[in-house]
Structure formats: C-alpha cells, structure tokens
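Trainee: To start, I am sharing the structure in question, which I have written as structure tokens.
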Amino acid sequence: MGNGSSAGYDDKTNLNRGLAACIRDVMRPTEMQISEAWEQHDEAGRGLLSQEEVLSVLQLLIDLQIKAAQEASSKRKMEMARQQAQMERESRKRRSDVLSKMPGETSRQDLDSAVVLAMATKTAPVMAGMMAGYMDIPVTCLTALREDRDLLEARVTLLFSPSAGPIEQDGRKLVTRQQFVVNYTALFEHAPQALNDTVVAETSSSECALQ
C-alpha cells in the first residue's frame, strides 16, 4: 500500500464517532419542521401543550424528519447514479482516444487520465454503495426512534417531571414550545458524549477481562 493508505481509515476512525457525527449534525430537526409539528397541535397558539399533546407533537416531528431524510437520500442517490453514468461515458471516450493514436503520440497526461478514469469507473459502484448506505443512516436512526414508543413516552414523561419545571394550569401540567425544543434537540447534541461513554465502558470491560 502507498503512503496514503491510511487516508480513509486511521486509528481515530471508528463506528461510534461516525454515527455520533451523523446524529448530531445531520439528523437534528429544522425550525420549520418543529413549527409545523407544534402548530398542528397548538391551534390556539398559546405556546403551551399537555403531556399527551407533546407526545403527539414529538411523533409527528419525527415523521416529518423521516420524510425529509428519505427525500434527501433519494435525491442524492439519483445524483450519484447520474455522476456514475457520466464517469463511465468519459472513461470510454478517454480510453478510445488513447488507444486510437499511434504509439508515441499519446501524452502521459492523457494516458494518466484514461487509466485513472478506468480505475475510478470500476470502483464507482463500490463507493456509490458506501455513500448510499451513509445516506440511509438518518432514515434508519429516526425510524428506530419513532418505533420505540416506550422511549418516546419516557422522554416526554421526563419533560413533565417536577425537576423540568412544567407549568400548572387548571390542574394540568403544561410545557412551553421552548421547553420541548430544548429537550428534543438535546438528544442530538448529546449523541457524541453518549456514544463516547459507550466506548469507554466497552474499553474498561475489555481491560478487566484481560487482567
């Protein structure tokens, strides 16, 4: 392998770090998604909702996120397919141009281009598959979150616990839109730390097993 063999993978590359970055940077909801989900259940515009309503908002918000992630994934996969087809056409053209010339008439630059494109064309499906898998991560993660009703209910229950400071009106506990947003977006912000704690725990367990 050449000196660049570690460019795509080194000792700092791991599954936890990659997933953490995706959850934190790619999957967080947009302000538009939050507004759409909240306003559908807060028709009076009071900015306050009950526990049952907040659970419904959360479920709808995740549905909106999944839909957006699916659309983005589909669009990017189509773009990759277009780029791959374009690369294959250009590779055939460069190869034909180089091989059609008399010996000695081909420049090294033209030959290098033809060779690199030939390699890239054969490798493109592998790279496209890897990228397609990466694009499916948000959809898969958000779907797992949406389907785990127990954890969703636990998160909403925590939001309405006394320590979270819900507002009481007419014997009902209510939370503000801002409280909901802070609670939910914290999930994505804390992903790196949560997954890092998992790595630390696994490392400690392995070390204990070796002693």
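Residues are named by chain letter and number: chains run A, B, ... in the order of the structure tokens, numbers start at 1 in each chain, and ligands are numbered from 1 in the order shown.
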Report as a PyMOL selection string all protein, DNA and RNA residues lying within 12 Å of Ala68 of chain A, evaluated on only C-alpha atoms, omitting residues in the same chain fewer than 6 positions from it.
Mentor: chain A and resi 26-30+32-33+61-62+74-75+135-136+138-139+142
Trainee: Keeping C-alpha atoms, export the residues of the selection given above as a PDB file, in the first residue's frame.
Mentor:
```pdb
ATOM      1  CA  VAL A  26     -27.418  15.650  10.031  1.00  0.00           C
ATOM      2  CA  MET A  27     -30.479  14.444  11.904  1.00  0.00           C
ATOM      3  CA  ARG A  28     -31.469  17.378  14.095  1.00  0.00           C
ATOM      4  CA  PRO A  29     -34.878  18.868  13.198  1.00  0.00           C
ATOM      5  CA  THR A  30     -35.211  22.141  11.338  1.00  0.00           C
ATOM      6  CA  MET A  32     -39.706  24.665  10.017  1.00  0.00           C
ATOM      7  CA  GLN A  33     -40.305  21.040  10.994  1.00  0.00           C
ATOM      8  CA  LEU A  61     -41.994  15.808  14.236  1.00  0.00           C
ATOM      9  CA  ILE A  62     -40.071  12.562  13.835  1.00  0.00           C
ATOM     10  CA  SER A  74     -33.434   9.589  -2.838  1.00  0.00           C
ATOM     11  CA  LYS A  75     -32.254  12.821  -4.435  1.00  0.00           C
ATOM     12  CA  MET A 135     -27.409   8.398   3.256  1.00  0.00           C
ATOM     13  CA  ASP A 136     -29.745   5.812   4.764  1.00  0.00           C
ATOM     14  CA  PRO A 138     -30.676   9.251   9.180  1.00  0.00           C
ATOM     15  CA  VAL A 139     -33.740   7.376   7.911  1.00  0.00           C
ATOM     16  CA  LEU A 142     -35.078   8.203  13.037  1.00  0.00           C
TER      17      LEU A 142
END
```
Trainee: Would you pick out the contacts of segment 84-86 of chain A at 12 Å or less, using only C-alpha atoms, so that residues sharing its chain but fewer than 2 positions from it are not included, and give the list as a VMD selection string?
Mentor: chain A and resid 77 to 82 88 to 93 117 120 to 129
Trainee: Write to file, as an mmCIF file, in the first residue's frame, the residues of the selection just made, with N, CA and C atoms.
Mentor:
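Written output follows (out.cif):
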```
data_model
loop_
_atom_site.group_PDB
_atom_site.id
_atom_site.type_symbol
_atom_site.label_atom_id
_atom_site.label_comp_id
_atom_site.auth_asym_id
_atom_site.auth_seq_id
_atom_site.Cartn_x
_atom_site.Cartn_y
_atom_site.Cartn_z
ATOM 1 N N LYS A 77 -29.038 9.827 -4.149
ATOM 2 C CA LYS A 77 -28.768 8.574 -4.861
ATOM 3 C C LYS A 77 -28.944 8.760 -6.364
ATOM 4 N N MET A 78 -29.943 9.522 -6.761
ATOM 5 C CA MET A 78 -30.156 9.796 -8.177
ATOM 6 C C MET A 78 -28.987 10.600 -8.738
ATOM 7 N N GLU A 79 -28.493 11.538 -7.971
ATOM 8 C CA GLU A 79 -27.357 12.346 -8.414
ATOM 9 C C GLU A 79 -26.103 11.481 -8.546
ATOM 10 N N MET A 80 -25.903 10.558 -7.618
ATOM 11 C CA MET A 80 -24.760 9.659 -7.705
ATOM 12 C C MET A 80 -24.844 8.783 -8.945
ATOM 13 N N ALA A 81 -26.040 8.282 -9.245
ATOM 14 C CA ALA A 81 -26.227 7.451 -10.430
ATOM 15 C C ALA A 81 -25.906 8.248 -11.690
ATOM 16 N N ARG A 82 -26.308 9.523 -11.710
ATOM 17 C CA ARG A 82 -26.024 10.384 -12.862
ATOM 18 C C ARG A 82 -24.523 10.590 -13.013
ATOM 19 N N GLU A 88 -18.582 6.870 -16.556
ATOM 20 C CA GLU A 88 -18.408 5.723 -17.452
ATOM 21 C C GLU A 88 -18.302 6.182 -18.908
ATOM 22 N N ARG A 89 -19.128 7.147 -19.297
ATOM 23 C CA ARG A 89 -19.065 7.660 -20.674
ATOM 24 C C ARG A 89 -17.715 8.315 -20.948
ATOM 25 N N GLU A 90 -17.265 9.126 -20.003
ATOM 26 C CA GLU A 90 -15.995 9.823 -20.177
ATOM 27 C C GLU A 90 -14.833 8.841 -20.194
ATOM 28 N N SER A 91 -14.925 7.786 -19.387
ATOM 29 C CA SER A 91 -13.867 6.777 -19.359
ATOM 30 C C SER A 91 -13.756 6.067 -20.702
ATOM 31 N N ARG A 92 -14.894 5.695 -21.276
ATOM 32 C CA ARG A 92 -14.875 5.035 -22.582
ATOM 33 C C ARG A 92 -14.274 5.951 -23.652
ATOM 34 N N LYS A 93 -14.617 7.215 -23.578
ATOM 35 C CA LYS A 93 -14.113 8.180 -24.567
ATOM 36 C C LYS A 93 -12.603 8.354 -24.437
ATOM 37 N N LEU A 117 -9.448 7.152 -14.853
ATOM 38 C CA LEU A 117 -10.884 7.032 -15.093
ATOM 39 C C LEU A 117 -11.312 5.568 -15.182
ATOM 40 N N ALA A 120 -11.380 4.388 -11.648
ATOM 41 C CA ALA A 120 -12.489 5.024 -10.928
ATOM 42 C C ALA A 120 -13.837 4.449 -11.353
ATOM 43 N N THR A 121 -13.974 4.160 -12.636
ATOM 44 C CA THR A 121 -15.238 3.620 -13.130
ATOM 45 C C THR A 121 -15.541 2.264 -12.510
ATOM 46 N N LYS A 122 -14.515 1.427 -12.364
ATOM 47 C CA LYS A 122 -14.710 0.109 -11.766
ATOM 48 C C LYS A 122 -14.995 0.217 -10.262
ATOM 49 N N THR A 123 -14.445 1.259 -9.649
ATOM 50 C CA THR A 123 -14.601 1.429 -8.201
ATOM 51 C C THR A 123 -15.854 2.212 -7.845
ATOM 52 N N ALA A 124 -16.387 2.960 -8.788
ATOM 53 C CA ALA A 124 -17.534 3.835 -8.520
ATOM 54 C C ALA A 124 -18.714 3.104 -7.891
ATOM 55 N N PRO A 125 -19.085 1.899 -8.375
ATOM 56 C CA PRO A 125 -20.222 1.212 -7.739
ATOM 57 C C PRO A 125 -19.980 0.906 -6.263
ATOM 58 N N VAL A 126 -18.725 0.596 -5.912
ATOM 59 C CA VAL A 126 -18.402 0.330 -4.507
ATOM 60 C C VAL A 126 -18.564 1.601 -3.680
ATOM 61 N N MET A 127 -17.997 2.688 -4.185
ATOM 62 C CA MET A 127 -18.111 3.962 -3.488
ATOM 63 C C MET A 127 -19.567 4.414 -3.407
ATOM 64 N N ALA A 128 -20.311 4.222 -4.488
ATOM 65 C CA ALA A 128 -21.722 4.616 -4.505
ATOM 66 C C ALA A 128 -22.508 3.825 -3.465
ATOM 67 N N GLY A 129 -22.181 2.541 -3.345
ATOM 68 C CA GLY A 129 -22.857 1.716 -2.344
ATOM 69 C C GLY A 129 -22.574 2.185 -0.937
#
```
Trainee: Report as a ChimeraX atom specification all protein, DNA and RNA residues lying within 9 Å of segment 186-194 of chain A, evaluated on only C-alpha atoms, omitting residues in the same chain fewer than 4 positions from it.
Mentor: /A:16-17,19-21,23-25,27-28,181-182,198
Trainee: Would you mind reading off the distance between atom CA of Met131 of chain A and atom CA of Arg94 of chain A, one decimal, in Å?
Mentor: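 A separation of 26.0 Å between them.
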Trainee: Residues at most 10 Å from Leu152 of chain A, counting only C-alpha atoms, excluding those fewer than 6 positions away in the same chain, as a VMD selection string?
Mentor: chain A and resid 55 58 to 59 145 to 146 158
Trainee: Store the residues picked out above in a file with C-alpha atoms, as a compact mmCIF listing (two decimals), in the first residue's frame.
Mentor:
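The resulting out32.txt:
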```txt
# COMPACT_ATOMS: atom_id res chain seq x y z
CA LEU A 55 -46.13 13.16 22.70
CA LEU A 58 -42.92 14.51 19.05
CA GLN A 59 -44.25 11.65 16.94
CA LEU A 145 -36.60 6.31 17.36
CA ARG A 146 -40.14 6.63 16.01
CA LEU A 158 -39.15 13.36 31.96
```
Trainee: Calculated over only C-alpha atoms, which of the candidates A:Val156, A:Val115, A:Met102, A:Ala132 has the smallest distance to Tyr184 of chain A?
Mentor: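 Using only C-alpha atoms, the shortest distance to Tyr184 of chain A belongs to A:Val156.
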